[in-house]
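**Q** I'm passing along start_10.cif; it holds mmCIF, N, CA and C atoms and all ligand atoms.
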data_work
#
loop_
_atom_site.label_atom_id
_atom_site.label_comp_id
_atom_site.auth_asym_id
_atom_site.auth_seq_id
_atom_site.Cartn_x
_atom_site.Cartn_y
_atom_site.Cartn_z
N MET A 209 -117.23 -14.55 92.79
CA MET A 209 -117.52 -13.68 91.65
C MET A 209 -117.98 -12.31 92.13
N LYS A 210 -118.94 -12.32 93.04
CA LYS A 210 -119.45 -11.07 93.60
C LYS A 210 -118.31 -10.24 94.20
N LYS A 211 -117.43 -10.96 94.89
CA LYS A 211 -116.30 -10.31 95.54
C LYS A 211 -115.42 -9.59 94.51
N ILE A 212 -115.17 -10.26 93.39
CA ILE A 212 -114.30 -9.68 92.36
C ILE A 212 -114.96 -8.42 91.78
N LEU A 213 -116.25 -8.50 91.54
CA LEU A 213 -116.97 -7.33 91.03
C LEU A 213 -116.90 -6.18 92.01
N LEU A 214 -117.11 -6.48 93.28
CA LEU A 214 -117.06 -5.43 94.30
C LEU A 214 -115.69 -4.77 94.31
N ALA A 215 -114.66 -5.58 94.23
CA ALA A 215 -113.30 -5.05 94.27
C ALA A 215 -113.05 -4.17 93.06
N ALA A 216 -113.51 -4.63 91.89
CA ALA A 216 -113.31 -3.86 90.67
C ALA A 216 -114.02 -2.52 90.80
N THR A 217 -115.20 -2.54 91.35
CA THR A 217 -115.94 -1.30 91.55
C THR A 217 -115.16 -0.36 92.45
N ALA A 218 -114.62 -0.91 93.52
CA ALA A 218 -113.88 -0.08 94.47
C ALA A 218 -112.69 0.57 93.79
N ILE A 219 -112.01 -0.19 92.94
CA ILE A 219 -110.83 0.36 92.26
C ILE A 219 -111.26 1.49 91.31
N CYS A 220 -112.34 1.26 90.59
CA CYS A 220 -112.80 2.27 89.64
C CYS A 220 -113.25 3.55 90.33
N LEU A 221 -113.81 3.42 91.50
CA LEU A 221 -114.31 4.59 92.19
C LEU A 221 -113.21 5.35 92.93
N THR A 222 -112.06 4.73 93.04
CA THR A 222 -110.98 5.33 93.81
C THR A 222 -110.04 6.06 92.87
N SER A 223 -109.82 7.32 93.13
CA SER A 223 -108.87 8.04 92.29
C SER A 223 -107.72 8.53 93.15
N GLY A 224 -106.54 8.48 92.62
CA GLY A 224 -105.38 8.96 93.36
C GLY A 224 -104.91 7.94 94.39
N PRO A 225 -103.86 8.28 95.10
CA PRO A 225 -103.25 7.32 96.02
C PRO A 225 -104.02 7.09 97.31
N VAL A 226 -104.92 7.99 97.64
CA VAL A 226 -105.66 7.83 98.89
C VAL A 226 -106.89 6.97 98.64
N LEU A 227 -106.98 5.86 99.36
CA LEU A 227 -108.15 5.01 99.23
C LEU A 227 -109.32 5.67 99.94
N ALA A 228 -110.40 5.85 99.20
CA ALA A 228 -111.59 6.41 99.82
C ALA A 228 -112.36 5.28 100.49
N ALA A 229 -112.03 5.01 101.73
CA ALA A 229 -112.66 3.90 102.44
C ALA A 229 -114.12 4.22 102.71
N ASP A 230 -114.97 3.24 102.47
CA ASP A 230 -116.41 3.45 102.60
C ASP A 230 -116.95 2.60 103.76
N PRO A 231 -117.32 3.25 104.85
CA PRO A 231 -117.79 2.49 106.02
C PRO A 231 -119.06 1.69 105.77
N ASP A 232 -119.91 2.14 104.84
CA ASP A 232 -121.14 1.38 104.58
C ASP A 232 -120.84 0.05 103.90
N THR A 233 -119.91 0.09 102.92
CA THR A 233 -119.45 -1.15 102.31
C THR A 233 -118.78 -2.02 103.36
N GLY A 234 -118.00 -1.38 104.24
CA GLY A 234 -117.33 -2.11 105.31
C GLY A 234 -118.31 -2.82 106.23
N LYS A 235 -119.41 -2.17 106.52
CA LYS A 235 -120.44 -2.78 107.38
C LYS A 235 -120.99 -4.05 106.72
N GLU A 236 -121.26 -3.96 105.41
CA GLU A 236 -121.77 -5.14 104.70
C GLU A 236 -120.77 -6.28 104.76
N LEU A 237 -119.51 -5.97 104.51
CA LEU A 237 -118.47 -7.00 104.53
C LEU A 237 -118.40 -7.63 105.92
N TYR A 238 -118.40 -6.78 106.93
CA TYR A 238 -118.30 -7.24 108.32
C TYR A 238 -119.49 -8.11 108.68
N ASP A 239 -120.69 -7.68 108.30
CA ASP A 239 -121.90 -8.42 108.68
C ASP A 239 -122.06 -9.72 107.90
N GLU A 240 -121.54 -9.75 106.68
CA GLU A 240 -121.84 -10.91 105.82
C GLU A 240 -120.74 -11.95 105.77
N VAL A 241 -119.59 -11.65 106.40
CA VAL A 241 -118.46 -12.57 106.28
C VAL A 241 -118.80 -13.93 106.90
N GLN A 242 -118.38 -14.99 106.22
CA GLN A 242 -118.54 -16.35 106.76
C GLN A 242 -117.24 -17.08 106.51
N ILE A 243 -116.56 -17.38 107.60
CA ILE A 243 -115.23 -17.96 107.49
C ILE A 243 -115.33 -19.46 107.76
N GLU A 244 -114.61 -20.24 106.94
CA GLU A 244 -114.59 -21.68 107.13
C GLU A 244 -113.33 -22.06 107.86
N ARG A 245 -113.47 -22.67 109.03
CA ARG A 245 -112.30 -23.16 109.76
C ARG A 245 -112.75 -24.01 110.95
N THR A 246 -111.77 -24.66 111.54
CA THR A 246 -112.07 -25.42 112.75
C THR A 246 -112.06 -24.47 113.93
N TYR A 247 -113.12 -24.47 114.68
CA TYR A 247 -113.23 -23.58 115.83
C TYR A 247 -113.68 -24.41 117.02
N GLN A 248 -112.87 -24.42 118.06
CA GLN A 248 -113.14 -25.21 119.26
C GLN A 248 -113.45 -26.66 118.89
N GLY A 249 -112.59 -27.21 118.03
CA GLY A 249 -112.67 -28.62 117.68
C GLY A 249 -113.76 -28.99 116.69
N GLU A 250 -114.44 -27.99 116.18
CA GLU A 250 -115.58 -28.27 115.31
C GLU A 250 -115.35 -27.60 113.95
N HIS A 251 -115.58 -28.33 112.86
CA HIS A 251 -115.45 -27.71 111.55
C HIS A 251 -116.68 -26.85 111.28
N ARG A 252 -116.42 -25.57 111.00
CA ARG A 252 -117.55 -24.66 110.79
C ARG A 252 -117.37 -23.85 109.53
N THR A 253 -118.47 -23.42 108.95
CA THR A 253 -118.41 -22.61 107.74
C THR A 253 -119.06 -21.25 107.97
N ASP A 254 -119.44 -20.98 109.20
CA ASP A 254 -120.23 -19.78 109.47
C ASP A 254 -119.60 -18.89 110.53
N ILE A 255 -118.28 -18.93 110.62
CA ILE A 255 -117.61 -18.11 111.63
C ILE A 255 -117.63 -16.65 111.15
N ASP A 256 -117.96 -15.77 112.04
CA ASP A 256 -117.82 -14.35 111.69
C ASP A 256 -116.95 -13.67 112.73
N CYS A 257 -116.77 -12.36 112.56
CA CYS A 257 -115.83 -11.64 113.43
C CYS A 257 -116.27 -11.74 114.89
N GLU A 258 -117.55 -11.79 115.13
CA GLU A 258 -118.03 -11.78 116.51
C GLU A 258 -118.07 -13.17 117.14
N THR A 259 -117.72 -14.19 116.37
CA THR A 259 -117.55 -15.52 116.97
C THR A 259 -116.42 -15.45 117.99
N CYS A 260 -115.37 -14.73 117.66
CA CYS A 260 -114.20 -14.66 118.53
C CYS A 260 -114.20 -13.44 119.44
N HIS A 261 -114.68 -12.34 118.97
CA HIS A 261 -114.73 -11.16 119.83
C HIS A 261 -116.03 -10.42 119.62
N ASP A 262 -116.83 -10.38 120.66
CA ASP A 262 -118.04 -9.57 120.54
C ASP A 262 -117.64 -8.10 120.61
N THR A 263 -118.59 -7.24 120.36
CA THR A 263 -118.23 -5.85 120.11
C THR A 263 -117.62 -5.17 121.34
N ASP A 264 -117.89 -5.67 122.54
CA ASP A 264 -117.27 -5.10 123.75
C ASP A 264 -115.74 -5.16 123.68
N PHE A 265 -115.25 -6.17 122.98
CA PHE A 265 -113.80 -6.35 122.86
C PHE A 265 -113.16 -5.12 122.20
N PHE A 266 -113.89 -4.48 121.30
CA PHE A 266 -113.33 -3.35 120.55
C PHE A 266 -113.39 -2.03 121.32
N THR A 267 -114.13 -2.03 122.40
CA THR A 267 -114.25 -0.78 123.16
C THR A 267 -113.64 -0.91 124.56
N ARG A 268 -113.00 -2.05 124.83
CA ARG A 268 -112.42 -2.23 126.17
C ARG A 268 -111.25 -1.26 126.36
N ASN A 269 -110.92 -1.01 127.61
CA ASN A 269 -109.89 0.00 127.91
C ASN A 269 -108.51 -0.35 127.38
N ASP A 270 -108.15 -1.63 127.43
CA ASP A 270 -106.81 -2.00 126.99
C ASP A 270 -106.81 -2.62 125.59
N ARG A 271 -107.70 -2.15 124.74
CA ARG A 271 -107.71 -2.64 123.36
C ARG A 271 -106.37 -2.35 122.70
N LYS A 272 -106.05 -3.20 121.70
CA LYS A 272 -104.74 -3.10 121.06
C LYS A 272 -104.69 -1.98 120.03
N ALA A 273 -105.77 -1.78 119.34
CA ALA A 273 -105.78 -0.74 118.32
C ALA A 273 -105.94 0.60 119.02
N THR A 274 -104.86 1.35 119.05
CA THR A 274 -104.88 2.65 119.74
C THR A 274 -104.78 3.82 118.77
N THR A 275 -104.63 3.51 117.50
CA THR A 275 -104.67 4.54 116.46
C THR A 275 -105.42 3.96 115.26
N TYR A 276 -105.80 4.82 114.34
CA TYR A 276 -106.51 4.36 113.14
C TYR A 276 -105.63 3.38 112.35
N ALA A 277 -104.34 3.70 112.25
CA ALA A 277 -103.42 2.83 111.50
C ALA A 277 -103.33 1.44 112.15
N LYS A 278 -103.30 1.42 113.48
CA LYS A 278 -103.24 0.12 114.16
C LYS A 278 -104.53 -0.66 113.99
N LEU A 279 -105.65 0.06 114.01
CA LEU A 279 -106.93 -0.60 113.77
C LEU A 279 -106.92 -1.29 112.42
N GLU A 280 -106.49 -0.57 111.41
CA GLU A 280 -106.46 -1.15 110.06
C GLU A 280 -105.51 -2.36 110.03
N ALA A 281 -104.40 -2.25 110.74
CA ALA A 281 -103.44 -3.36 110.78
C ALA A 281 -104.03 -4.58 111.48
N MET A 282 -104.83 -4.37 112.52
CA MET A 282 -105.45 -5.49 113.23
C MET A 282 -106.51 -6.16 112.36
N VAL A 283 -107.27 -5.35 111.62
CA VAL A 283 -108.26 -5.93 110.71
C VAL A 283 -107.53 -6.77 109.65
N GLU A 284 -106.44 -6.21 109.13
CA GLU A 284 -105.65 -6.94 108.13
C GLU A 284 -105.07 -8.22 108.75
N GLY A 285 -104.66 -8.15 110.02
CA GLY A 285 -104.12 -9.33 110.70
C GLY A 285 -105.15 -10.45 110.76
N CYS A 286 -106.35 -10.14 111.19
CA CYS A 286 -107.39 -11.19 111.24
C CYS A 286 -107.75 -11.65 109.83
N ASN A 287 -107.80 -10.73 108.89
CA ASN A 287 -108.08 -11.09 107.49
C ASN A 287 -107.07 -12.12 106.99
N THR A 288 -105.80 -11.89 107.25
CA THR A 288 -104.74 -12.79 106.76
C THR A 288 -104.74 -14.10 107.54
N ASN A 289 -104.74 -14.00 108.86
CA ASN A 289 -104.65 -15.21 109.69
C ASN A 289 -105.80 -16.17 109.44
N LEU A 290 -106.95 -15.63 109.17
CA LEU A 290 -108.14 -16.46 109.04
C LEU A 290 -108.50 -16.74 107.59
N ASP A 291 -107.67 -16.27 106.65
CA ASP A 291 -107.96 -16.49 105.23
C ASP A 291 -109.32 -15.96 104.83
N VAL A 292 -109.65 -14.79 105.29
CA VAL A 292 -110.96 -14.23 104.99
C VAL A 292 -111.06 -13.91 103.49
N GLY A 293 -109.96 -13.45 102.91
CA GLY A 293 -109.97 -13.17 101.48
C GLY A 293 -110.35 -11.76 101.11
N TRP A 294 -110.32 -10.85 102.08
CA TRP A 294 -110.61 -9.45 101.76
C TRP A 294 -109.43 -8.82 101.05
N PHE A 295 -109.72 -8.04 100.02
CA PHE A 295 -108.70 -7.25 99.33
C PHE A 295 -108.34 -6.05 100.21
N PRO A 296 -107.20 -5.41 99.93
CA PRO A 296 -106.81 -4.25 100.75
C PRO A 296 -107.90 -3.19 100.84
N GLU A 297 -108.62 -2.96 99.75
CA GLU A 297 -109.68 -1.94 99.81
C GLU A 297 -110.85 -2.42 100.68
N ASP A 298 -111.06 -3.73 100.74
CA ASP A 298 -112.10 -4.26 101.64
C ASP A 298 -111.69 -4.04 103.10
N VAL A 299 -110.43 -4.33 103.38
CA VAL A 299 -109.91 -4.13 104.74
C VAL A 299 -110.05 -2.66 105.13
N ALA A 300 -109.74 -1.76 104.19
CA ALA A 300 -109.86 -0.32 104.46
C ALA A 300 -111.31 0.05 104.76
N ASP A 301 -112.25 -0.55 104.02
CA ASP A 301 -113.67 -0.27 104.25
C ASP A 301 -114.10 -0.79 105.63
N VAL A 302 -113.67 -2.00 105.97
CA VAL A 302 -114.05 -2.58 107.26
C VAL A 302 -113.45 -1.75 108.40
N ALA A 303 -112.20 -1.32 108.23
CA ALA A 303 -111.58 -0.48 109.26
C ALA A 303 -112.37 0.82 109.42
N ALA A 304 -112.81 1.38 108.30
CA ALA A 304 -113.59 2.62 108.36
C ALA A 304 -114.91 2.39 109.10
N TYR A 305 -115.53 1.26 108.82
CA TYR A 305 -116.78 0.92 109.53
C TYR A 305 -116.51 0.72 111.02
N MET A 306 -115.49 -0.06 111.35
CA MET A 306 -115.22 -0.33 112.77
C MET A 306 -114.82 0.94 113.51
N ASN A 307 -114.15 1.82 112.79
CA ASN A 307 -113.79 3.09 113.42
C ASN A 307 -115.05 3.92 113.70
N ARG A 308 -115.94 3.98 112.74
CA ARG A 308 -117.18 4.75 112.92
C ARG A 308 -118.01 4.17 114.08
N GLU A 309 -118.05 2.85 114.14
CA GLU A 309 -118.91 2.15 115.09
C GLU A 309 -118.31 2.06 116.49
N PHE A 310 -117.03 1.74 116.59
CA PHE A 310 -116.44 1.39 117.88
C PHE A 310 -115.26 2.25 118.32
N TYR A 311 -114.37 2.59 117.42
CA TYR A 311 -113.09 3.14 117.85
C TYR A 311 -113.08 4.67 117.89
N GLN A 312 -113.69 5.26 116.86
CA GLN A 312 -113.84 6.71 116.79
C GLN A 312 -112.54 7.52 116.87
N PHE A 313 -111.56 7.07 116.10
CA PHE A 313 -110.35 7.88 115.93
C PHE A 313 -110.62 8.89 114.83
N THR A 314 -109.90 10.00 114.86
CA THR A 314 -109.93 10.84 113.68
C THR A 314 -108.98 10.18 112.67
N PRO A 315 -109.37 10.07 111.40
CA PRO A 315 -108.63 9.27 110.43
C PRO A 315 -107.14 9.58 110.35
N ALA A 316 -106.72 10.77 110.65
CA ALA A 316 -105.29 11.11 110.55
C ALA A 316 -104.46 10.53 111.69
N GLU A 317 -105.09 10.05 112.74
CA GLU A 317 -104.36 9.57 113.93
C GLU A 317 -103.43 8.41 113.60
C1 LIG B 401 -110.74 -17.32 115.25
C2 LIG B 401 -110.92 -16.14 116.10
C3 LIG B 401 -111.01 -14.77 115.44
C4 LIG B 401 -111.87 -14.38 114.44
C5 LIG B 401 -112.92 -15.21 113.72
C6 LIG B 401 -111.62 -12.97 114.21
N1 LIG B 401 -110.64 -12.51 115.05
FE1 LIG B 401 -110.05 -10.57 115.26
N2 LIG B 401 -108.85 -11.10 116.78
C7 LIG B 401 -108.61 -12.40 117.22
C8 LIG B 401 -107.59 -12.39 118.23
C9 LIG B 401 -107.03 -13.62 118.94
C10 LIG B 401 -107.24 -11.03 118.42
C11 LIG B 401 -106.18 -10.46 119.36
C12 LIG B 401 -104.88 -10.46 118.61
C13 LIG B 401 -103.75 -10.02 119.48
O1 LIG B 401 -103.94 -9.91 120.70
O2 LIG B 401 -102.69 -9.77 118.93
C14 LIG B 401 -108.05 -10.25 117.51
C15 LIG B 401 -108.02 -8.87 117.42
C16 LIG B 401 -108.77 -8.11 116.53
C17 LIG B 401 -108.78 -6.66 116.50
C18 LIG B 401 -108.05 -5.72 117.46
C19 LIG B 401 -108.88 -5.54 118.71
C20 LIG B 401 -108.27 -4.53 119.68
O3 LIG B 401 -107.74 -4.97 120.71
O4 LIG B 401 -108.32 -3.30 119.40
C21 LIG B 401 -109.58 -6.29 115.46
C22 LIG B 401 -109.92 -4.88 115.03
C23 LIG B 401 -110.07 -7.52 114.87
N3 LIG B 401 -109.57 -8.60 115.55
C24 LIG B 401 -110.90 -7.57 113.77
C25 LIG B 401 -111.47 -8.75 113.29
C26 LIG B 401 -112.38 -8.79 112.18
C27 LIG B 401 -112.83 -7.60 111.35
C28 LIG B 401 -112.77 -10.10 112.04
C29 LIG B 401 -113.72 -10.70 111.03
C30 LIG B 401 -113.21 -10.83 109.70
C31 LIG B 401 -112.08 -10.87 113.05
N4 LIG B 401 -111.30 -10.02 113.78
C32 LIG B 401 -112.26 -12.22 113.26
C33 LIG B 401 -109.28 -13.55 116.79
C34 LIG B 401 -110.25 -13.59 115.81
#
Just dump the structure as structure tokens.
**A**
Amino acid sequence: MKKILLAATAICLTSGPVLAADPDTGKELYDEVQIERTYQGEHRTDIDCETCHDTDFFTRNDRKATTYAKLEAMVEGCNTNLDVGWFPEDVADVAAYMNREFYQFTPAE
């Protein structure tokens, strides 16, 4: 329910074709996510993004996301593969947060 309200708010606040990604909302989503899945043979309900990759992974030299667009695509990839359930605007917010925190691309890249 909370998720639906958040998404509705995001849609209402967004005007025009450009999504105004909000890194602060992205930080909340990133910090609060709890994914349910089997991990290393164990059923868990508390998996978060850093269960699989701690933050060093995002700043390593041969990271996969080499542009802002690729970063957003990688966030969307994990969102889809893991059934996180983030809406496109949530993914945009998380990408904005991860960019501010770790990647530091200029958004047009
Ligand atoms: C079950 C393990 C797992 C979880 C949980 C997970 N990821 Fe990933 N993630 C991966 C793997 C594996 C890759 C590397 C994919 C590849 O090499 O193509 C990856 C890659 C990434 C990358 C690209 C890193 C780079 O090289 O630049 C980003 C960004 C990312 N994940 C974001 C997230 C976010 C955000 C979450 C939390 C919702 C998340 N991931 C949760 C397994 C996971």
**Q** Just to confirm, what's the straight-line distance from atom N of Cys286 (chain A) to CA of Ala303 (chain A) in Å (one decimal)?
**A**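 Taking atom N of Cys286 (chain A) as the start and CA of Ala303 (chain A) as the end point, the length is 11.2 Å.
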**Q** Within 6 Å of ligand LIG 401 (chain B), counting all atoms listed in the file, which protein or nucleic acid residues do you find, written as JSON, numbers by chain?
**A** {"A": [255, 256, 257, 258, 259, 260, 261, 265, 266, 270, 271, 272, 273, 274, 279, 282, 283, 286, 287]}
**Q** Please measure the separation of atom C of Arg308 (chain A) and CA of Pro231 (chain A), giving the value in Å to one decimal.
**A**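 Computing the Euclidean distance for atom C of Arg308 (chain A) and CA of Pro231 (chain A) yields 8.2 Å.
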**Q** In Å, rounded to a single decimal, give me how far CA of Leu237 (chain A) is from CA of Thr288 (chain A).
**A** 15.1 Å
**Q** If we count only N, CA and C atoms, what is near region 292-301 of chain A at a cut-off of 7 Å, once residues fewer than 4 positions away on the same chain are taken out, given as a list in words?
**A** Ala215, Ala228, Ala229, Asp230, Pro231, Asp232, Thr233, Gly234, Lys235, Ile243, Glu280, Val283, Glu284, Cys286, Asn287, Thr288, Tyr305 and Met306 of chain A
**Q** My list of candidates is A:Asn269, A:Phe313, A:Asp254, A:Ala304. Which is closest to Gln242 (chain A) when distances are computed with only C-alpha atoms?
**A** A:Asp254
**Q** Among region 226-263 of chain A, which ones does DSSP place in helix (DSSP H, G or I), written as a list in words?
**A**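 DSSP-assigned helix (DSSP H, G or I) residues in region 226-263 of chain A: Pro231, Asp232, Thr233, Gly234, Lys235, Glu236, Leu237, Tyr238, Asp239, Glu240, Cys257, Glu258, Thr259 and Cys260 of chain A.
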**Q** Which is closer to Ala277 (chain A) than all the others in A:Gln248, A:Val302, A:Thr314, A:Asn289, using all atoms listed in the file?
**A** A:Thr314
**Q** Check the DSSP output for the backbone and give back, as a PyMOL selection string, the residues of region 223-310 of chain A in strand (DSSP E).
**A** chain A and resi 243-247+250-255
**Q** For a quick check of understanding, using only C-alpha atoms, which of A:Arg245, A:Glu240, A:Thr275, A:Asp262 has the smallest distance to Asp291 (chain A)?
**A**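 Counting only C-alpha atoms, the residue closest to Asp291 (chain A) is A:Arg245.
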